[in-house]
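Undergrad: Sharing final_22.tsv below, TSV, C-alpha atoms and all ligand atoms:
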chain	number	residue	atom	x	y	z
A	1171	MET	CA	0.00	0.00	0.00
A	1172	ALA	CA	1.32	3.38	-0.85
A	1173	VAL	CA	-0.38	5.88	1.43
A	1174	LEU	CA	1.12	9.28	1.43
A	1175	ILE	CA	0.31	10.83	4.76
A	1176	THR	CA	0.87	14.42	5.63
A	1177	SER	CA	0.00	15.69	9.08
A	1178	CYS	CA	-2.92	17.94	8.10
A	1179	ASN	CA	-4.64	15.75	5.54
A	1180	PHE	CA	-4.05	12.36	7.15
A	1181	HIS	CA	-7.70	11.33	7.21
A	1182	ARG	CA	-8.71	12.47	3.77
A	1183	GLU	CA	-5.57	11.15	2.14
A	1184	ALA	CA	-5.80	7.76	3.78
A	1185	ILE	CA	-9.50	7.36	2.97
A	1186	VAL	CA	-8.79	8.04	-0.65
A	1187	THR	CA	-5.74	5.89	-1.08
A	1188	THR	CA	-6.01	2.89	1.23
A	1189	PRO	CA	-7.50	0.00	-0.78
A	1190	PRO	CA	-10.57	-1.60	0.82
A	1191	ALA	CA	-8.85	-4.97	1.24
A	1192	GLU	CA	-6.08	-3.35	3.27
A	1193	ARG	CA	-8.61	-1.55	5.44
A	1194	LEU	CA	-10.30	-4.86	6.13
A	1195	GLN	CA	-6.99	-6.53	6.89
A	1196	HIS	CA	-6.13	-3.77	9.31
A	1197	ARG	CA	-9.54	-4.04	10.89
A	1198	ILE	CA	-9.16	-7.81	11.33
A	1199	ASP	CA	-5.75	-7.29	12.93
A	1200	THR	CA	-7.03	-4.55	15.24
A	1201	LEU	CA	-10.19	-6.31	16.38
A	1202	ARG	CA	-8.14	-9.30	17.37
A	1203	ASN	CA	-6.94	-7.27	20.37
A	1204	HIS	CA	-10.50	-7.32	21.74
A	1205	GLY	CA	-11.42	-10.96	21.31
A	1206	TYR	CA	-12.76	-13.08	18.50
A	1207	MET	CA	-15.70	-12.42	16.24
A	1208	PHE	CA	-18.71	-14.66	15.93
A	1209	GLY	CA	-19.67	-15.42	12.34
A	1210	HIS	CA	-22.53	-17.38	10.82
A	1211	GLN	CA	-23.09	-18.80	7.36
A	1212	ASP	CA	-26.27	-17.70	5.54
A	1213	ASP	CA	-27.42	-15.93	8.71
A	1214	PRO	CA	-29.90	-13.45	7.13
A	1215	PHE	CA	-31.65	-15.92	4.79
A	1216	TYR	CA	-33.14	-18.68	6.89
A	1217	GLY	CA	-33.03	-20.32	10.30
A	1218	THR	CA	-34.28	-23.42	12.00
A	1219	THR	CA	-37.88	-22.15	12.06
A	1220	TRP	CA	-38.15	-19.42	9.40
A	1221	ALA	CA	-37.00	-18.55	5.90
A	1222	TYR	CA	-36.58	-15.32	4.02
A	1223	CYS	CA	-38.01	-12.85	6.56
A	1224	LYS	CA	-36.49	-9.43	6.05
A	1225	ASP	CA	-33.77	-8.53	8.59
A	1226	SER	CA	-34.24	-11.75	10.53
A	1227	SER	CA	-31.37	-13.79	11.92
A	1228	ASP	CA	-31.25	-16.75	14.31
A	1229	THR	CA	-28.26	-15.09	15.99
A	1230	LYS	CA	-30.28	-11.94	16.54
A	1231	LEU	CA	-33.32	-13.86	17.74
A	1232	VAL	CA	-31.16	-15.45	20.45
A	1233	THR	CA	-28.87	-12.58	21.43
A	1234	GLY	CA	-30.43	-9.37	20.15
A	1235	ASP	CA	-27.41	-8.74	17.93
A	1236	TYR	CA	-26.24	-9.82	14.49
A	1237	PRO	CA	-23.07	-11.83	13.99
A	1238	ALA	CA	-19.94	-9.75	13.38
A	1239	VAL	CA	-19.11	-11.87	10.33
A	1240	MET	CA	-21.57	-13.25	7.81
A	1241	GLY	CA	-20.66	-16.02	5.37
A	1242	PHE	CA	-22.18	-16.28	1.89
A	1243	GLU	CA	-21.93	-19.06	-0.68
A	1244	LEU	CA	-21.21	-18.67	-4.40
A	1245	GLY	CA	-21.76	-22.27	-5.60
A	1246	GLY	CA	-23.91	-22.13	-8.73
A	1247	ILE	CA	-22.76	-18.70	-9.92
A	1248	GLU	CA	-20.35	-20.51	-12.27
A	1249	MET	CA	-23.34	-22.12	-14.05
A	1250	GLY	CA	-25.11	-18.80	-14.49
A	1251	ASP	CA	-27.77	-19.98	-12.02
A	1252	GLU	CA	-30.13	-17.54	-10.35
A	1253	LYS	CA	-29.90	-19.35	-7.03
A	1254	ASN	CA	-26.92	-20.90	-5.30
A	1255	LEU	CA	-26.64	-24.59	-4.48
A	1256	ASP	CA	-28.50	-23.96	-1.24
A	1257	SER	CA	-31.37	-22.25	-3.13
A	1258	VAL	CA	-30.49	-18.70	-2.07
A	1259	PRO	CA	-31.04	-16.18	-4.89
A	1260	PHE	CA	-27.83	-14.40	-5.87
A	1261	THR	CA	-29.68	-11.08	-5.92
A	1262	LEU	CA	-30.41	-11.59	-2.23
A	1263	ILE	CA	-26.85	-12.69	-1.49
A	1264	ARG	CA	-25.59	-9.47	-3.04
A	1265	GLU	CA	-28.14	-7.39	-1.15
A	1266	GLU	CA	-27.49	-8.96	2.27
A	1267	ALA	CA	-23.71	-9.01	1.87
A	1268	ILE	CA	-23.67	-5.30	1.09
A	1269	LYS	CA	-26.17	-4.57	3.85
A	1270	HIS	CA	-24.08	-6.41	6.43
A	1271	TYR	CA	-20.94	-4.58	5.45
A	1272	LEU	CA	-22.71	-1.23	5.56
A	1273	ARG	CA	-24.15	-1.96	9.01
A	1274	GLY	CA	-20.56	-2.42	10.15
A	1275	GLY	CA	-20.05	-6.16	9.78
A	1276	ILE	CA	-17.50	-8.24	7.89
A	1277	ILE	CA	-18.39	-10.54	4.99
A	1278	THR	CA	-16.83	-13.69	3.60
A	1279	PHE	CA	-17.56	-15.80	0.52
A	1280	SER	CA	-17.09	-19.52	0.02
A	1281	TRP	CA	-17.44	-21.34	-3.29
A	1282	HIS	CA	-18.62	-24.90	-3.81
A	1283	PRO	CA	-18.45	-25.03	-7.63
A	1284	ARG	CA	-19.92	-27.89	-9.63
A	1285	ASN	CA	-17.54	-30.49	-11.03
A	1286	PRO	CA	-16.37	-28.96	-14.33
A	1287	LEU	CA	-15.40	-32.28	-15.87
A	1288	THR	CA	-18.32	-34.55	-15.01
A	1289	GLY	CA	-21.04	-31.93	-14.57
A	1290	GLY	CA	-21.74	-33.44	-11.15
A	1291	THR	CA	-21.84	-31.65	-7.83
A	1292	THR	CA	-18.90	-30.20	-5.93
A	1293	TRP	CA	-18.78	-33.53	-4.05
A	1294	ASP	CA	-18.44	-35.62	-7.23
A	1295	VAL	CA	-15.05	-37.24	-6.69
A	1296	SER	CA	-15.50	-39.97	-9.28
A	1297	ASP	CA	-12.75	-38.65	-11.53
A	1298	THR	CA	-9.25	-37.77	-10.36
A	1299	THR	CA	-8.30	-35.67	-13.38
A	1300	VAL	CA	-10.57	-32.66	-12.83
A	1301	VAL	CA	-7.96	-30.20	-11.56
A	1302	GLU	CA	-5.48	-31.26	-14.21
A	1303	ASN	CA	-8.18	-30.63	-16.82
A	1304	ILE	CA	-9.05	-27.09	-15.80
A	1305	LEU	CA	-5.44	-25.88	-15.94
A	1306	PRO	CA	-4.23	-24.13	-19.10
A	1307	GLY	CA	-4.19	-26.60	-21.99
A	1308	GLY	CA	-6.63	-28.94	-20.22
A	1309	SER	CA	-9.90	-30.14	-21.73
A	1310	GLN	CA	-11.97	-27.96	-19.35
A	1311	ALA	CA	-9.69	-24.91	-19.31
A	1312	GLU	CA	-12.07	-22.79	-21.37
A	1313	LYS	CA	-15.04	-23.75	-19.27
A	1314	PHE	CA	-13.17	-22.94	-16.07
A	1315	ALA	CA	-12.10	-19.58	-17.50
A	1316	LEU	CA	-15.79	-18.81	-18.06
A	1317	TRP	CA	-16.60	-19.94	-14.53
A	1318	MET	CA	-13.96	-17.62	-13.10
A	1319	GLU	CA	-15.34	-14.79	-15.18
A	1320	ARG	CA	-18.83	-15.41	-13.77
A	1321	VAL	CA	-17.50	-15.41	-10.20
A	1322	ALA	CA	-15.63	-12.15	-10.83
A	1323	THR	CA	-18.64	-10.54	-12.51
A	1324	PHE	CA	-20.78	-11.27	-9.47
A	1325	LEU	CA	-18.14	-10.15	-6.97
A	1326	GLU	CA	-17.63	-6.93	-8.91
A	1327	THR	CA	-21.18	-5.99	-7.90
A	1328	ILE	CA	-20.32	-6.10	-4.19
A	1329	LYS	CA	-20.09	-2.35	-3.82
A	1330	SER	CA	-21.91	0.55	-2.21
A	1331	LYS	CA	-24.56	2.68	-3.96
A	1332	GLU	CA	-21.84	5.23	-4.62
A	1333	GLY	CA	-19.82	2.56	-6.38
A	1334	ARG	CA	-17.22	2.04	-3.68
A	1335	ARG	CA	-15.76	-1.45	-3.61
A	1336	ILE	CA	-16.64	-3.38	-0.44
A	1337	PRO	CA	-13.90	-5.64	0.90
A	1338	PHE	CA	-14.55	-9.29	1.66
A	1339	ILE	CA	-12.73	-12.45	2.66
A	1340	LEU	CA	-12.59	-15.03	-0.16
A	1341	ARG	CA	-11.97	-18.64	0.76
A	1342	PRO	CA	-11.73	-20.83	-2.34
A	1343	PHE	CA	-10.77	-24.51	-2.66
A	1344	HIS	CA	-11.20	-25.08	1.06
A	1345	GLU	CA	-10.84	-28.36	2.98
A	1346	TYR	CA	-8.42	-29.52	0.30
A	1347	ASN	CA	-6.68	-31.91	2.71
A	1348	GLY	CA	-9.81	-34.07	2.72
A	1349	SER	CA	-10.98	-35.84	-0.43
A	1350	TRP	CA	-14.68	-34.99	-0.56
A	1351	PHE	CA	-14.45	-32.12	-3.06
A	1352	TRP	CA	-13.10	-32.48	-6.61
A	1353	TRP	CA	-10.00	-30.45	-5.60
A	1354	GLY	CA	-9.27	-32.73	-2.61
A	1355	GLU	CA	-5.95	-34.22	-1.65
A	1356	LYS	CA	-6.39	-37.59	-3.36
A	1357	LEU	CA	-7.74	-35.97	-6.51
A	1358	CYS	CA	-4.83	-33.77	-7.54
A	1359	THR	CA	-1.14	-33.38	-6.93
A	1360	ALA	CA	0.18	-30.57	-4.75
A	1361	GLU	CA	1.56	-28.87	-7.88
A	1362	GLN	CA	-1.82	-29.06	-9.61
A	1363	TYR	CA	-3.58	-27.70	-6.52
A	1364	ARG	CA	-1.21	-24.76	-6.24
A	1365	ALA	CA	-1.44	-24.09	-9.98
A	1366	MET	CA	-5.25	-24.01	-9.70
A	1367	TRP	CA	-5.11	-21.67	-6.69
A	1368	ASN	CA	-2.72	-19.33	-8.52
A	1369	LEU	CA	-4.78	-19.39	-11.71
A	1370	PHE	CA	-7.93	-18.42	-9.83
A	1371	GLN	CA	-6.23	-15.91	-7.55
A	1372	ASP	CA	-4.31	-14.17	-10.32
A	1373	TYR	CA	-7.47	-13.87	-12.41
A	1374	MET	CA	-9.56	-12.55	-9.53
A	1375	ASN	CA	-6.85	-10.11	-8.43
A	1376	GLU	CA	-6.65	-8.78	-11.94
A	1377	LYS	CA	-10.43	-8.24	-12.10
A	1378	LEU	CA	-10.83	-7.07	-8.51
A	1379	PRO	CA	-7.46	-5.67	-7.50
A	1380	THR	CA	-8.56	-3.82	-4.38
A	1381	ASN	CA	-11.13	-5.68	-2.34
A	1382	ILE	CA	-10.23	-9.34	-1.85
A	1383	VAL	CA	-8.72	-10.63	1.39
A	1384	TRP	CA	-7.53	-14.19	0.74
A	1385	SER	CA	-8.16	-16.98	3.19
A	1386	PHE	CA	-6.58	-20.42	2.95
A	1387	SER	CA	-8.66	-22.97	4.86
A	1388	PRO	CA	-7.65	-26.59	5.30
A	1389	ASN	CA	-9.94	-28.97	7.13
A	1390	LEU	CA	-9.18	-30.31	10.59
A	1391	GLN	CA	-6.07	-32.43	10.14
A	1392	GLY	CA	-5.03	-33.44	13.65
A	1393	ASN	CA	-1.39	-34.05	12.84
A	1394	TRP	CA	0.02	-31.20	10.80
A	1395	THR	CA	3.70	-31.04	10.09
A	1396	GLU	CA	5.26	-28.01	8.46
A	1397	GLU	CA	6.34	-30.16	5.54
A	1398	LYS	CA	2.81	-31.40	4.93
A	1399	PHE	CA	1.23	-27.96	5.36
A	1400	LEU	CA	3.68	-26.35	2.95
A	1401	GLU	CA	2.93	-28.88	0.20
A	1402	ARG	CA	-0.27	-27.10	-0.84
A	1403	TYR	CA	0.15	-23.72	0.89
A	1404	PRO	CA	0.01	-21.06	-1.83
A	1405	GLY	CA	2.68	-18.93	-0.10
A	1406	ASN	CA	2.88	-16.03	2.33
A	1407	ASP	CA	2.51	-13.52	-0.48
A	1408	ARG	CA	-0.78	-15.12	-1.57
A	1409	VAL	CA	-2.57	-15.65	1.73
A	1410	PHE	CA	-3.69	-13.14	4.38
A	1411	LEU	CA	-5.69	-15.34	6.73
A	1412	ILE	CA	-4.97	-18.94	7.66
A	1413	GLY	CA	-8.19	-20.75	8.45
A	1414	CYS	CA	-9.26	-24.09	9.79
A	1415	ASP	CA	-12.60	-25.79	9.08
A	1416	ALA	CA	-13.43	-27.96	12.08
A	1417	TYR	CA	-16.61	-29.87	12.86
A	1418	GLN	CA	-17.25	-32.29	15.68
A	1419	TRP	CA	-18.40	-35.26	13.59
A	1420	GLY	CA	-16.99	-37.91	15.91
A	1421	THR	CA	-16.25	-37.95	19.63
A	1422	GLU	CA	-15.79	-34.81	21.66
A	1423	GLU	CA	-12.34	-35.99	22.71
A	1424	ASP	CA	-11.16	-36.44	19.12
A	1425	PHE	CA	-12.55	-33.04	18.17
A	1426	VAL	CA	-10.95	-31.22	21.10
A	1427	ASN	CA	-7.58	-32.90	20.70
A	1428	GLY	CA	-7.59	-32.51	16.92
A	1429	LEU	CA	-8.56	-28.86	16.99
A	1430	ARG	CA	-6.08	-27.98	19.74
A	1431	SER	CA	-3.34	-29.71	17.79
A	1432	ASP	CA	-4.27	-27.94	14.55
A	1433	LEU	CA	-4.58	-24.51	16.13
A	1434	THR	CA	-1.25	-24.96	17.89
A	1435	PHE	CA	0.45	-25.71	14.58
A	1436	LEU	CA	-1.45	-23.15	12.50
A	1437	ASN	CA	-0.93	-20.43	15.09
A	1438	GLU	CA	2.81	-21.04	15.27
A	1439	PHE	CA	3.03	-20.99	11.50
A	1440	ALA	CA	0.82	-17.90	11.21
A	1441	GLN	CA	2.71	-16.01	13.93
A	1442	LYS	CA	6.00	-16.55	12.12
A	1443	ALA	CA	4.38	-15.33	8.91
A	1444	GLY	CA	2.62	-12.43	10.66
A	1445	LYS	CA	-0.85	-13.63	9.74
A	1446	PRO	CA	-4.15	-13.99	11.60
A	1447	ILE	CA	-5.89	-17.34	12.04
A	1448	ALA	CA	-9.60	-18.16	12.16
A	1449	LEU	CA	-12.02	-21.04	12.54
A	1450	THR	CA	-13.43	-20.44	9.09
A	1451	GLU	CA	-16.13	-23.13	9.49
A	1452	CYS	CA	-17.10	-24.93	12.66
A	1453	GLY	CA	-19.88	-26.55	14.58
A	1454	ILE	CA	-21.59	-29.68	15.75
A	1455	GLN	CA	-24.48	-30.79	13.60
A	1456	ASN	CA	-28.01	-30.29	14.92
A	1457	SER	CA	-27.00	-29.14	18.41
A	1458	PRO	CA	-27.17	-32.35	20.40
A	1459	ASP	CA	-25.34	-30.90	23.40
A	1460	PRO	CA	-26.85	-28.01	25.44
A	1461	THR	CA	-23.46	-26.83	26.77
A	1462	TRP	CA	-21.29	-27.34	23.69
A	1463	TRP	CA	-20.66	-23.63	23.04
A	1464	THR	CA	-19.19	-22.73	26.42
A	1465	ARG	CA	-17.97	-26.12	27.59
A	1466	VAL	CA	-16.33	-27.50	24.42
A	1467	LEU	CA	-15.74	-24.79	21.82
A	1468	LYS	CA	-15.17	-21.63	23.83
A	1469	PRO	CA	-12.24	-22.85	25.94
A	1470	ILE	CA	-10.41	-23.78	22.73
A	1471	CYS	CA	-11.17	-20.45	21.05
A	1472	ASP	CA	-10.05	-18.66	24.23
A	1473	ASP	CA	-6.64	-20.34	24.12
A	1474	PHE	CA	-5.67	-19.22	20.61
A	1475	PRO	CA	-5.59	-15.76	19.01
A	1476	ILE	CA	-8.29	-16.57	16.46
A	1477	SER	CA	-9.82	-13.69	14.63
A	1478	TYR	CA	-13.26	-15.24	14.12
A	1479	MET	CA	-15.17	-18.50	14.35
A	1480	LEU	CA	-18.01	-19.22	11.94
A	1481	PRO	CA	-20.56	-21.98	12.52
A	1482	TRP	CA	-22.16	-23.21	9.30
A	1483	ARG	CA	-25.71	-22.60	8.20
A	1484	ASN	CA	-28.96	-23.18	10.10
A	1485	TYR	CA	-31.17	-25.19	7.86
A	1486	PRO	CA	-34.01	-27.11	9.51
A	1487	ALA	CA	-32.49	-30.41	8.41
A	1488	GLU	CA	-28.90	-29.50	9.26
A	1489	HIS	CA	-28.03	-26.67	11.60
A	1490	PHE	CA	-24.87	-25.56	13.35
A	1491	GLY	CA	-25.50	-22.09	14.77
A	1492	PRO	CA	-27.60	-20.79	17.65
A	1493	ALA	CA	-31.39	-20.62	17.30
A	1494	PRO	CA	-34.23	-19.74	19.66
A	1495	ASP	CA	-35.84	-23.18	19.50
A	1496	LEU	CA	-32.69	-25.14	20.34
A	1497	CYS	CA	-31.57	-26.57	23.69
A	1498	THR	CA	-28.30	-24.67	23.23
A	1499	LYS	CA	-29.99	-21.27	23.45
A	1500	ASP	CA	-29.13	-20.39	27.08
A	1501	ASP	CA	-25.57	-21.59	26.69
A	1502	PHE	CA	-25.17	-19.50	23.57
A	1503	ILE	CA	-26.37	-16.43	25.48
A	1504	LYS	CA	-23.52	-17.08	27.95
A	1505	PHE	CA	-21.14	-17.33	24.99
A	1506	TYR	CA	-22.50	-14.04	23.64
A	1507	GLU	CA	-22.17	-12.30	27.02
A	1508	ALA	CA	-18.50	-13.21	27.46
A	1509	PRO	CA	-16.36	-10.08	27.06
A	1510	ASN	CA	-14.09	-11.64	24.44
A	1511	THR	CA	-16.77	-12.79	21.98
A	1512	LEU	CA	-17.48	-10.07	19.44
A	1513	PHE	CA	-20.80	-9.55	17.69
A	1514	LEU	CA	-21.87	-6.76	15.33
A	1515	GLU	CA	-22.26	-4.10	18.02
A	1516	ASP	CA	-18.74	-4.84	19.26
A	1517	VAL	CA	-17.07	-4.43	15.90
A	1518	LYS	CA	-18.94	-1.51	14.39
A	1519	PRO	CA	-16.52	1.15	13.28
A	1520	GLY	CA	-15.87	3.50	16.14
A	1521	LYS	CA	-16.29	0.71	18.71
A	1522	ASN	CA	-13.43	-1.31	20.05
A	1523	MET	CA	-10.92	0.04	17.62
A	1524	THR	CA	-7.60	0.87	19.16
A	1525	LEU	CA	-6.73	3.39	16.58
A	1526	GLY	CA	-3.00	3.14	16.31
A	1527	ARG	CA	-1.99	5.23	13.36
A	1528	ASP	CA	-5.31	4.71	11.60
A	1529	SER	CA	-8.80	5.94	12.35
A	1530	SER	CA	-12.04	4.00	12.34
A	1531	GLU	CA	-13.39	5.93	9.36
A	1532	ILE	CA	-10.36	4.90	7.38
A	1533	ILE	CA	-10.76	1.29	8.35
A	1534	TRP	CA	-14.39	1.22	7.23
A	1535	MET	CA	-15.52	3.09	4.11
B	1	LIG	C1	-22.20	-28.04	3.23
B	1	LIG	C2	-23.61	-28.43	3.56
B	1	LIG	C3	-24.38	-28.48	2.26
B	1	LIG	C4	-24.26	-27.14	1.53
B	1	LIG	C5	-22.81	-26.71	1.39
B	1	LIG	C6	-22.65	-25.33	0.82
B	1	LIG	O1	-21.38	-28.11	4.32
B	1	LIG	O2	-24.20	-27.46	4.40
B	1	LIG	O3	-25.74	-28.77	2.52
B	1	LIG	O4	-24.83	-27.23	0.26
B	1	LIG	O5	-22.18	-26.75	2.66
B	1	LIG	O6	-23.22	-24.36	1.63
Output the file's structure in the form of structure tokens.
TA:
Amino acid sequence: MAVLITSCNFHREAIVTTPPAERLQHRIDTLRNHGYMFGHQDDPFYGTTWAYCKDSSDTKLVTGDYPAVMGFELGGIEMGDEKNLDSVPFTLIREEAIKHYLRGGIITFSWHPRNPLTGGTTWDVSDTTVVENILPGGSQAEKFALWMERVATFLETIKSKEGRRIPFILRPFHEYNGSWFWWGEKLCTAEQYRAMWNLFQDYMNEKLPTNIVWSFSPNLQGNWTEEKFLERYPGNDRVFLIGCDAYQWGTEEDFVNGLRSDLTFLNEFAQKAGKPIALTECGIQNSPDPTWWTRVLKPICDDFPISYMLPWRNYPAEHFGPAPDLCTKDDFIKFYEAPNTLFLEDVKPGKNMTLGRDSSEIIWM
């Protein structure tokens, strides 16, 4: 960033010249001094008992406040679909993402693209040559180029009425160390994975040079070594945030030990590289345990300098976040009331910002 600051026009100059992505990065770094943000996937669209009610949110119904971070999903945009793979209209995704940013929140996009080779879903792992085939010279290279263009065209519309670019965290090709997506570990070589990441990132950065904050998010691994992590890591110059997607699918003990082990490794790595870490997806499906938030997850989050934690979506059939009808409601209120858990009101510009050499206006719009 080249910000020319003179003493009398510091504010004006910095507002004009600091790219939105850098403001968001600074904001993420600064907020970390106050605790960790609560995020929720698809929060404004539907919950366990409602769907598409304007300004509703399960988080808000439980706590009175919105999440600090909202996650949105792009899967389907590559096909030119009107709705994403979870049936949310893209017009609404655009509207709610912008609205959340303008109310002072932070937004992040994930992408579960269809399988470009077979035409199947993102989980179609029947063919191990997909990644190889989307790279330059591959049989699906042209199709993938069109898909990238469609993603960029949509993301270019994430801006304010005045046309100002809104910054967001982008988290492509996640959970690559598992093998349930077509870009998974057993479906491509490390070189192919990195080439795909670079292809996508370089294209997106060219189209949207100022508002993407890149997140690299492996799944819970349990036994990271630096050598293994580096195999598919795009590089310090290509990643701002190091994430971890971690669900308690099995026993509580395995989850706790696995997540503590991963966060220990990722935090050490990230500290050396000067990067924040986050639990970019997390949760336990369908809330079977009334004290899970404060008894299981919170103590882990408290022990590591994570920037945010984001439970996945609340769909009646599969839910991960808080909701008013769930047995976890009271425990989640305790989680919300803890001084180090940050919701929208805690992260709004002007609140909780130790200003350093920047000001809250600069960090926001
Ligand atoms: C998965 C599940 C799917 C969903 C996908 C993308 O983890 O929630 O039902 O389609 O994420 O949001």
Undergrad: Just give me the gap between atom CA of Glu1451 of chain A and atom CA of Asp1199 of chain A in Å, one decimal is fine.
TA: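 Between these atoms lies a distance of 19.2 Å.
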Undergrad: Using only C-alpha atoms, pick whichever of A:His1489, A:Lys1313, A:Lys1518, A:Arg1341 has the shortest atom-to-atom distance to Tyr1417 of chain A.
TA: A:His1489
Undergrad: Which residue, A:Met1374, A:Ala1416, A:Cys1223, A:Val1321, has the smallest gap to ligand LIG 1 (chain B) when you use all atoms listed in the file?
TA: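 Answer, going by the shortest atom-to-atom distance: A:Ala1416.
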Undergrad: Please report, as a tab-separated table, each residue of chain A lying at most 12 Å from ligand LIG 1 (chain B), together with the nearest pair of atoms and the separation in Å rounded to one decimal; use all atoms listed in the file, and order rows by chain and ascending residue number.
TA:
residue	atom	partner	partner_atom	distance
A:His1210	CA	B:LIG1	O6	11.6
A:Gln1211	CA	B:LIG1	O6	8.0
A:Asp1212	CA	B:LIG1	O6	8.3
A:Asp1213	CA	B:LIG1	O6	11.8
A:Gly1241	CA	B:LIG1	O6	9.5
A:Phe1242	CA	B:LIG1	O6	8.2
A:Glu1243	CA	B:LIG1	O6	5.9
A:Leu1244	CA	B:LIG1	O6	8.5
A:Gly1245	CA	B:LIG1	C6	7.2
A:Gly1246	CA	B:LIG1	C6	10.2
A:Lys1253	CA	B:LIG1	O4	11.9
A:Asn1254	CA	B:LIG1	O6	8.6
A:Leu1255	CA	B:LIG1	O4	5.7
A:Asp1256	CA	B:LIG1	O4	5.1
A:Ser1257	CA	B:LIG1	O4	8.9
A:Val1258	CA	B:LIG1	O6	9.9
A:Phe1279	CA	B:LIG1	O6	10.3
A:Ser1280	CA	B:LIG1	O6	8.0
A:Trp1281	CA	B:LIG1	C6	7.7
A:His1282	CA	B:LIG1	C6	6.2
A:Pro1283	CA	B:LIG1	C6	9.4
A:Arg1284	CA	B:LIG1	O4	11.1
A:Thr1291	CA	B:LIG1	O4	9.7
A:Thr1292	CA	B:LIG1	C5	9.0
A:Trp1293	CA	B:LIG1	C5	9.6
A:His1344	CA	B:LIG1	O1	11.1
A:Glu1345	CA	B:LIG1	O1	10.6
A:Trp1350	CA	B:LIG1	O1	10.8
A:Phe1351	CA	B:LIG1	C1	10.8
A:Asn1389	CA	B:LIG1	O1	11.8
A:Asp1415	CA	B:LIG1	O1	10.3
A:Ala1416	CA	B:LIG1	O1	11.1
A:Tyr1417	CA	B:LIG1	O1	9.9
A:Glu1451	CA	B:LIG1	O1	8.9
A:Cys1452	CA	B:LIG1	O1	9.9
A:Gly1453	CA	B:LIG1	O1	10.5
A:Ile1454	CA	B:LIG1	O1	11.5
A:Gln1455	CA	B:LIG1	O2	9.8
A:Asn1456	CA	B:LIG1	O2	11.5
A:Pro1481	CA	B:LIG1	O1	10.3
A:Trp1482	CA	B:LIG1	O2	6.8
A:Arg1483	CA	B:LIG1	O2	6.4
A:Asn1484	CA	B:LIG1	O2	8.6
A:Tyr1485	CA	B:LIG1	O2	8.1
A:Pro1486	CA	B:LIG1	O3	11.0
A:Ala1487	CA	B:LIG1	O3	9.1
A:Glu1488	CA	B:LIG1	O2	7.1
A:His1489	CA	B:LIG1	O2	8.2
A:Phe1490	CA	B:LIG1	O2	9.2
A:Gly1491	CA	B:LIG1	O2	11.8
Undergrad: Using the file's own x, y and z axes, what box holds all listed atoms of segment 1206-1225 of chain A with 5 Å on each side, keeping edges along x, y and z, and what are its centre and edge lengths in Å to one decimal, as JSON?
TA:
{"center_x": -25.5, "center_y": -16.0, "center_z": 11.3, "size_x": 35.4, "size_y": 24.9, "size_z": 24.5}
Undergrad: Would you work out the distance separating atom CA of Phe1208 of chain A from atom CA of Phe1513 of chain A, expressed in Å to one decimal?
TA: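 We find that atom CA of Phe1208 of chain A and atom CA of Phe1513 of chain A lie 5.8 Å from each other.
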Undergrad: Nearest to Ile1476 of chain A among A:Asp1516, A:Thr1461, A:Asn1510, A:Arg1273, with distances taken over all atoms listed in the file: which residue is it?
TA: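 Nearest to Ile1476 of chain A: A:Asn1510.
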Undergrad: With distances taken over all atoms listed in the file, which of A:Pro1494, A:Pro1458, A:Pro1214, A:Gly1333 is nearest to Gln1418 of chain A?
TA: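 The answer is A:Pro1458, which sits nearest to Gln1418 of chain A.
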Undergrad: Closest to Phe1502 of chain A among A:Arg1197, A:His1204, A:Lys1230, A:Lys1356, using all atoms listed in the file?
TA: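 Checking each of A:Arg1197, A:His1204, A:Lys1230, A:Lys1356 against Phe1502 of chain A, counting all atoms listed in the file, the winner is A:Lys1230.
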Undergrad: Considering all atoms listed in the file, state which residue in the set A:Ile1336, A:Thr1380, A:Leu1201, A:Cys1358 is at the smallest distance from Thr1187 of chain A.
TA: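 Among the listed residues, the smallest separation from Thr1187 of chain A belongs to A:Thr1380.
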Undergrad: Can you pull out every residue within 10 Å of Ile1470 of chain A, counting all atoms listed in the file, but drop anything in the same chain fewer than 5 positions away, and send it as JSON, numbers by chain?
TA: {"A": [1426, 1427, 1429, 1430, 1433, 1464, 1465, 1476]}
